[in-house]
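Data block below; observations after.
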Amino acid sequence: MSLLSVRNLSHTYPNGYKALDDISFSVEPGEFLVIIGLSGSGKSTLLRCLNRLIEPTHGTITMNGQDVTHVSDAALRSHRAGIGMIFQHFNLIPRHSVVKNVLYGTLGSTPTLASILGRFSSEQHQRAMEALDVVGIAEKADVRADALSGGQQQRVAIARALMQNPNLLLADEPVASLDPATSHSVMDYLERINKDLGTTVICNLHFLSLVRRYATRVIALKGGRMVFDGQPIEITDAWFRTIYGEEAMEVEIR
């Protein structure tokens, strides 16, 4: 059974803009799937449909054999609990410590009163430190989040997502706000989580040099439609022009 199955997925925003148009694909456990395409091609909308931050207009999303396309309430919370999400702009609370930001990844499974008061168990604290160790930043546990570099903040965001013990980790342009040297560092940790922990990763990226280095499979979107599904090595110059346009030039991150 596939971990995730998407069939004929479409999404139209209230203003009439069709961001996704009849998308179908499956994801097997342990894949590192990268989604590429121009800005506005539908990459972020697709990830937000997968974790149900937005409601698909048409089609189905099946996770572990369960149709989650239109679930709500407890079923929706259960679906989201199994999916970690990493955003481009980190979404940390700047004045709070690194470890506290990581602990906030448990809010979905923490009793309401305890979460309001910020009371976390010793077991949760231990897990938070283990997650920080996975991303190589445990020594910064008591430092304020806003005292860290961009790359360090993104690693904190990854550790926070790991607190959910996710079956699936979604990363929406995780290195877009980082300098080239830091980008590989963050991607290395995502790769480690994929290979060492066995977590399935779906990641939106712009740079093909990163795609070729980290992806086990690539999907390309153009104008909301899927135009490519294959291996990174199959993205030739002709495919690059098909995906990004005849005038596009590839920029490499070393």
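Each chain in the structure tokens gets a letter, A, B and so on, in the order shown; residues start at 1 in every chain, and ligands are counted from 1 in the order they appear.
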
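Proximity to region 71-74 of chain A at 10 Å, evaluated using only C-alpha atoms and with sequence-adjacent residues fewer than 6 positions away removed, yields A:Arg52, A:Glu55, A:Arg80.
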
Let's have the selection written as a PDB file, in the first residue's frame, with C-alpha atoms.
```pdb
ATOM      1  CA  ARG A  52      -5.495  19.776   4.657  1.00  0.00           C
ATOM      2  CA  GLU A  55      -9.730  22.125   1.104  1.00  0.00           C
ATOM      3  CA  ARG A  80      -2.376  16.358  10.666  1.00  0.00           C
TER       4      ARG A  80
END
```

Using DSSP on the backbone, list every residue of region 11-157 of chain A that comes out as helix (DSSP H, G or I), and give them as a PyMOL selection string. chain A and resi 43-50+73-81+98-109+112-117+122-134+138-140+145-147+150-157

Fewer than 2 positions away in the same chain doesn't count, so skip those; otherwise give me all residues within 8 Å of region 212-228 of chain A, counting only C-alpha atoms, as a compact mmCIF listing (two decimals) with N, CA and C atoms, in the first residue's frame.
```txt
# COMPACT_ATOMS: atom_id res chain seq x y z
N LYS A 18 -7.31 28.79 -10.69
CA LYS A 18 -7.17 27.35 -10.56
C LYS A 18 -5.70 27.03 -10.34
N ALA A 19 -5.34 26.76 -9.09
CA ALA A 19 -3.94 26.54 -8.73
C ALA A 19 -3.48 25.12 -9.03
N LEU A 20 -4.39 24.16 -8.92
CA LEU A 20 -4.09 22.76 -9.22
C LEU A 20 -5.13 22.23 -10.18
N ASP A 21 -4.66 21.45 -11.16
CA ASP A 21 -5.57 20.98 -12.21
C ASP A 21 -5.32 19.50 -12.50
N ASP A 22 -6.12 18.62 -11.88
CA ASP A 22 -6.14 17.19 -12.19
C ASP A 22 -4.78 16.53 -11.91
N ILE A 23 -4.29 16.67 -10.68
CA ILE A 23 -2.99 16.11 -10.28
C ILE A 23 -3.20 14.70 -9.73
N SER A 24 -2.39 13.74 -10.21
CA SER A 24 -2.45 12.37 -9.71
C SER A 24 -1.03 11.82 -9.53
N GLU A 31 10.33 7.42 0.45
CA GLU A 31 10.75 8.25 -0.68
C GLU A 31 11.19 9.64 -0.21
N PHE A 32 12.07 10.26 -0.99
CA PHE A 32 12.39 11.68 -0.85
C PHE A 32 11.94 12.31 -2.16
N LEU A 33 10.68 12.73 -2.17
CA LEU A 33 10.07 13.28 -3.38
C LEU A 33 10.23 14.79 -3.38
N VAL A 34 10.75 15.33 -4.48
CA VAL A 34 10.90 16.77 -4.62
C VAL A 34 9.95 17.26 -5.70
N ILE A 35 9.25 18.35 -5.41
CA ILE A 35 8.33 18.98 -6.36
C ILE A 35 8.98 20.27 -6.85
N ILE A 36 9.06 20.42 -8.15
CA ILE A 36 9.69 21.60 -8.74
C ILE A 36 8.70 22.33 -9.64
N GLY A 37 9.06 23.54 -10.03
CA GLY A 37 8.23 24.35 -10.91
C GLY A 37 8.41 25.81 -10.59
N LEU A 38 7.99 26.65 -11.51
CA LEU A 38 8.07 28.09 -11.32
C LEU A 38 7.21 28.53 -10.13
N GLY A 40 4.22 30.05 -8.44
CA GLY A 40 2.86 30.11 -8.95
C GLY A 40 2.42 28.87 -9.69
N SER A 41 3.29 27.84 -9.73
CA SER A 41 2.93 26.62 -10.46
C SER A 41 2.01 25.71 -9.67
N GLY A 42 1.85 25.97 -8.37
CA GLY A 42 0.94 25.17 -7.55
C GLY A 42 1.63 24.33 -6.48
N LYS A 43 2.94 24.48 -6.32
CA LYS A 43 3.69 23.63 -5.39
C LYS A 43 3.20 23.80 -3.95
N MET A 187 19.50 20.80 3.92
CA MET A 187 19.09 19.65 3.12
C MET A 187 19.74 18.36 3.61
N GLU A 191 17.83 14.93 4.57
CA GLU A 191 18.24 13.64 4.02
C GLU A 191 18.52 12.64 5.13
N LEU A 208 17.74 23.01 -9.26
CA LEU A 208 17.91 21.64 -9.75
C LEU A 208 19.17 20.98 -9.22
N SER A 209 20.20 21.77 -8.88
CA SER A 209 21.41 21.17 -8.31
C SER A 209 21.08 20.49 -6.98
N LEU A 210 20.19 21.08 -6.19
CA LEU A 210 19.76 20.44 -4.94
C LEU A 210 18.85 19.25 -5.23
N GLY A 230 9.45 11.53 -12.56
CA GLY A 230 10.53 10.61 -12.88
C GLY A 230 11.73 10.79 -11.98
N GLN A 231 12.87 10.31 -12.43
CA GLN A 231 14.11 10.39 -11.66
C GLN A 231 14.83 11.70 -11.94
N PRO A 232 15.61 12.19 -10.98
CA PRO A 232 16.34 13.46 -11.20
C PRO A 232 17.23 13.43 -12.44
N ILE A 233 17.84 12.29 -12.70
CA ILE A 233 18.76 12.18 -13.84
C ILE A 233 18.05 12.35 -15.18
N ILE A 243 9.77 22.75 -18.39
CA ILE A 243 9.25 23.06 -17.06
C ILE A 243 9.34 24.55 -16.75
N TYR A 244 10.47 25.16 -17.09
CA TYR A 244 10.73 26.54 -16.67
C TYR A 244 10.63 27.57 -17.77
```

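The space separating CA of Gln66 (chain A) from CA of Ser78 (chain A) comes to 11.5 Å.
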
What residues in region 15-226 of chain A get the DSSP label strand (DSSP E)? Please answer as a ChimeraX atom specification. /A:18-27,32-36,58-63,66-67,83-86,168-172,200-204,217-222,225-226

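Shortest atom-to-atom contact with Pro166 (chain A) among A:Gln88, A:Asn51, A:Ser97, A:Thr57: A:Asn51, counting only C-alpha atoms.
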
Mind checking which residues fall within 12 Å of region 119-136 of chain A, counting only C-alpha atoms, ignoring those fewer than 2 positions away in the same chain, and posting them as a ChimeraX atom specification? /A:97-107,109-117,138-142,151-165,185-194,196-197

Could you dump the residues just selected with N, CA and C atoms as a short mmCIF file (atom, residue, chain, number, x, y, z; two decimals), in the first residue's frame?
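Just written: part.cif:
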```cif
data_model
loop_
_atom_site.label_atom_id
_atom_site.label_comp_id
_atom_site.auth_asym_id
_atom_site.auth_seq_id
_atom_site.Cartn_x
_atom_site.Cartn_y
_atom_site.Cartn_z
N SER A 97 12.76 30.26 23.88
CA SER A 97 13.98 29.49 23.71
C SER A 97 13.83 28.46 22.60
N VAL A 98 14.98 27.98 22.15
CA VAL A 98 14.99 26.96 21.10
C VAL A 98 14.22 25.72 21.54
N VAL A 99 14.49 25.23 22.75
CA VAL A 99 13.84 23.99 23.18
C VAL A 99 12.34 24.18 23.35
N LYS A 100 11.92 25.36 23.78
CA LYS A 100 10.48 25.59 23.91
C LYS A 100 9.81 25.61 22.55
N ASN A 101 10.47 26.20 21.56
CA ASN A 101 9.92 26.18 20.20
C ASN A 101 9.78 24.75 19.70
N VAL A 102 10.74 23.90 20.02
CA VAL A 102 10.66 22.50 19.61
C VAL A 102 9.51 21.80 20.33
N LEU A 103 9.35 22.09 21.61
CA LEU A 103 8.27 21.48 22.40
C LEU A 103 6.89 21.83 21.85
N TYR A 104 6.78 22.97 21.20
CA TYR A 104 5.48 23.34 20.64
C TYR A 104 5.03 22.37 19.55
N GLY A 105 5.94 21.54 19.08
CA GLY A 105 5.57 20.51 18.13
C GLY A 105 4.70 19.43 18.72
N THR A 106 4.59 19.40 20.04
CA THR A 106 3.76 18.39 20.71
C THR A 106 2.35 18.91 21.05
N LEU A 107 2.05 20.15 20.69
CA LEU A 107 0.79 20.75 21.12
C LEU A 107 -0.43 19.95 20.67
N SER A 109 -0.77 16.87 20.69
CA SER A 109 -0.98 15.69 21.53
C SER A 109 -0.88 16.01 23.02
N THR A 110 -0.82 17.30 23.36
CA THR A 110 -0.72 17.74 24.75
C THR A 110 -2.08 18.22 25.23
N PRO A 111 -2.50 17.82 26.45
CA PRO A 111 -3.78 18.30 26.98
C PRO A 111 -3.89 19.83 26.91
N THR A 112 -5.09 20.32 26.70
CA THR A 112 -5.31 21.75 26.44
C THR A 112 -4.75 22.65 27.53
N LEU A 113 -5.05 22.35 28.78
CA LEU A 113 -4.59 23.20 29.88
C LEU A 113 -3.08 23.21 29.96
N ALA A 114 -2.46 22.05 29.81
CA ALA A 114 -1.00 21.96 29.87
C ALA A 114 -0.37 22.76 28.75
N SER A 115 -0.97 22.71 27.55
CA SER A 115 -0.41 23.45 26.42
C SER A 115 -0.56 24.95 26.62
N ILE A 116 -1.70 25.38 27.20
CA ILE A 116 -1.91 26.81 27.46
C ILE A 116 -0.88 27.33 28.47
N LEU A 117 -0.60 26.53 29.49
CA LEU A 117 0.33 26.93 30.53
C LEU A 117 1.78 26.65 30.18
N ALA A 138 21.74 20.82 19.57
CA ALA A 138 21.32 20.62 20.96
C ALA A 138 21.97 21.64 21.91
N GLU A 139 23.17 22.10 21.57
CA GLU A 139 23.87 23.04 22.46
C GLU A 139 23.20 24.41 22.50
N LYS A 140 22.25 24.66 21.59
CA LYS A 140 21.55 25.94 21.55
C LYS A 140 20.18 25.88 22.23
N ALA A 141 19.91 24.83 22.98
CA ALA A 141 18.58 24.59 23.52
C ALA A 141 18.01 25.77 24.31
N ASP A 142 18.85 26.44 25.10
CA ASP A 142 18.36 27.50 25.98
C ASP A 142 18.52 28.90 25.39
N GLY A 151 19.87 29.53 9.03
CA GLY A 151 20.02 28.07 8.91
C GLY A 151 19.75 27.36 10.21
N GLN A 152 20.21 27.93 11.33
CA GLN A 152 19.95 27.33 12.63
C GLN A 152 18.46 27.36 12.97
N GLN A 153 17.79 28.46 12.64
CA GLN A 153 16.36 28.54 12.90
C GLN A 153 15.59 27.49 12.09
N GLN A 154 16.01 27.25 10.85
CA GLN A 154 15.33 26.24 10.07
C GLN A 154 15.56 24.84 10.65
N ARG A 155 16.73 24.61 11.22
CA ARG A 155 16.98 23.33 11.87
C ARG A 155 16.11 23.16 13.12
N VAL A 156 15.86 24.27 13.83
CA VAL A 156 14.93 24.21 14.96
C VAL A 156 13.53 23.85 14.46
N ALA A 157 13.13 24.44 13.34
CA ALA A 157 11.82 24.13 12.77
C ALA A 157 11.72 22.66 12.37
N ILE A 158 12.81 22.10 11.87
CA ILE A 158 12.82 20.67 11.53
C ILE A 158 12.68 19.83 12.80
N ALA A 159 13.40 20.21 13.84
CA ALA A 159 13.30 19.48 15.11
C ALA A 159 11.89 19.55 15.67
N ARG A 160 11.26 20.71 15.56
CA ARG A 160 9.87 20.85 16.02
C ARG A 160 8.95 19.89 15.27
N ALA A 161 9.14 19.78 13.96
CA ALA A 161 8.32 18.86 13.17
C ALA A 161 8.56 17.41 13.59
N LEU A 162 9.79 17.08 13.97
CA LEU A 162 10.10 15.71 14.39
C LEU A 162 9.39 15.32 15.68
N MET A 163 8.99 16.30 16.49
CA MET A 163 8.30 16.01 17.74
C MET A 163 6.97 15.30 17.50
N GLN A 164 6.45 15.38 16.30
CA GLN A 164 5.19 14.71 15.97
C GLN A 164 5.39 13.24 15.61
N ASN A 165 6.67 12.80 15.54
CA ASN A 165 6.95 11.46 15.01
C ASN A 165 6.20 11.24 13.70
N SER A 185 23.46 22.44 4.17
CA SER A 185 23.44 21.98 5.56
C SER A 185 22.03 21.56 5.97
N VAL A 186 21.04 22.40 5.66
CA VAL A 186 19.65 22.09 5.99
C VAL A 186 19.17 20.86 5.22
N MET A 187 19.50 20.80 3.92
CA MET A 187 19.09 19.65 3.12
C MET A 187 19.74 18.36 3.61
N ASP A 188 20.98 18.45 4.11
CA ASP A 188 21.65 17.27 4.65
C ASP A 188 20.87 16.69 5.83
N TYR A 189 20.31 17.57 6.67
CA TYR A 189 19.55 17.08 7.82
C TYR A 189 18.23 16.46 7.37
N LEU A 190 17.60 17.03 6.36
CA LEU A 190 16.39 16.41 5.83
C LEU A 190 16.70 15.03 5.24
N GLU A 191 17.83 14.93 4.57
CA GLU A 191 18.24 13.64 4.02
C GLU A 191 18.52 12.64 5.13
N ARG A 192 19.15 13.09 6.20
CA ARG A 192 19.42 12.19 7.32
C ARG A 192 18.13 11.68 7.93
N ILE A 193 17.15 12.56 8.09
CA ILE A 193 15.86 12.15 8.64
C ILE A 193 15.18 11.13 7.72
N ASN A 194 15.31 11.35 6.43
CA ASN A 194 14.74 10.42 5.45
C ASN A 194 15.42 9.06 5.49
N ASP A 196 17.96 7.83 7.78
CA ASP A 196 18.24 7.21 9.06
C ASP A 196 16.98 6.91 9.85
N LEU A 197 15.99 7.80 9.78
CA LEU A 197 14.76 7.60 10.54
C LEU A 197 13.66 6.96 9.69
#
```

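Nearest residue to Leu47 (chain A), choosing from A:Val27, A:Ala181, A:Ala145, A:Met85 and counting only C-alpha atoms: A:Met85.
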
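Taking CA of Met1 (chain A) as the reference point, CA of Met63 (chain A) is found at 9.7 Å.
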
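Residues in contact with Asp67 (chain A) at 12 Å, where only C-alpha atoms are counted and same-chain residues fewer than 2 positions away are skipped, are listed as Leu3, Leu4, Ser5, Val6, Arg7, Leu50, Arg52, Gly59, Thr60, Ile61, Thr62, Met63, Asn64, Gly65, Thr69, His70, Val71, Ser72, Ala75, Leu76 and His79 of chain A.
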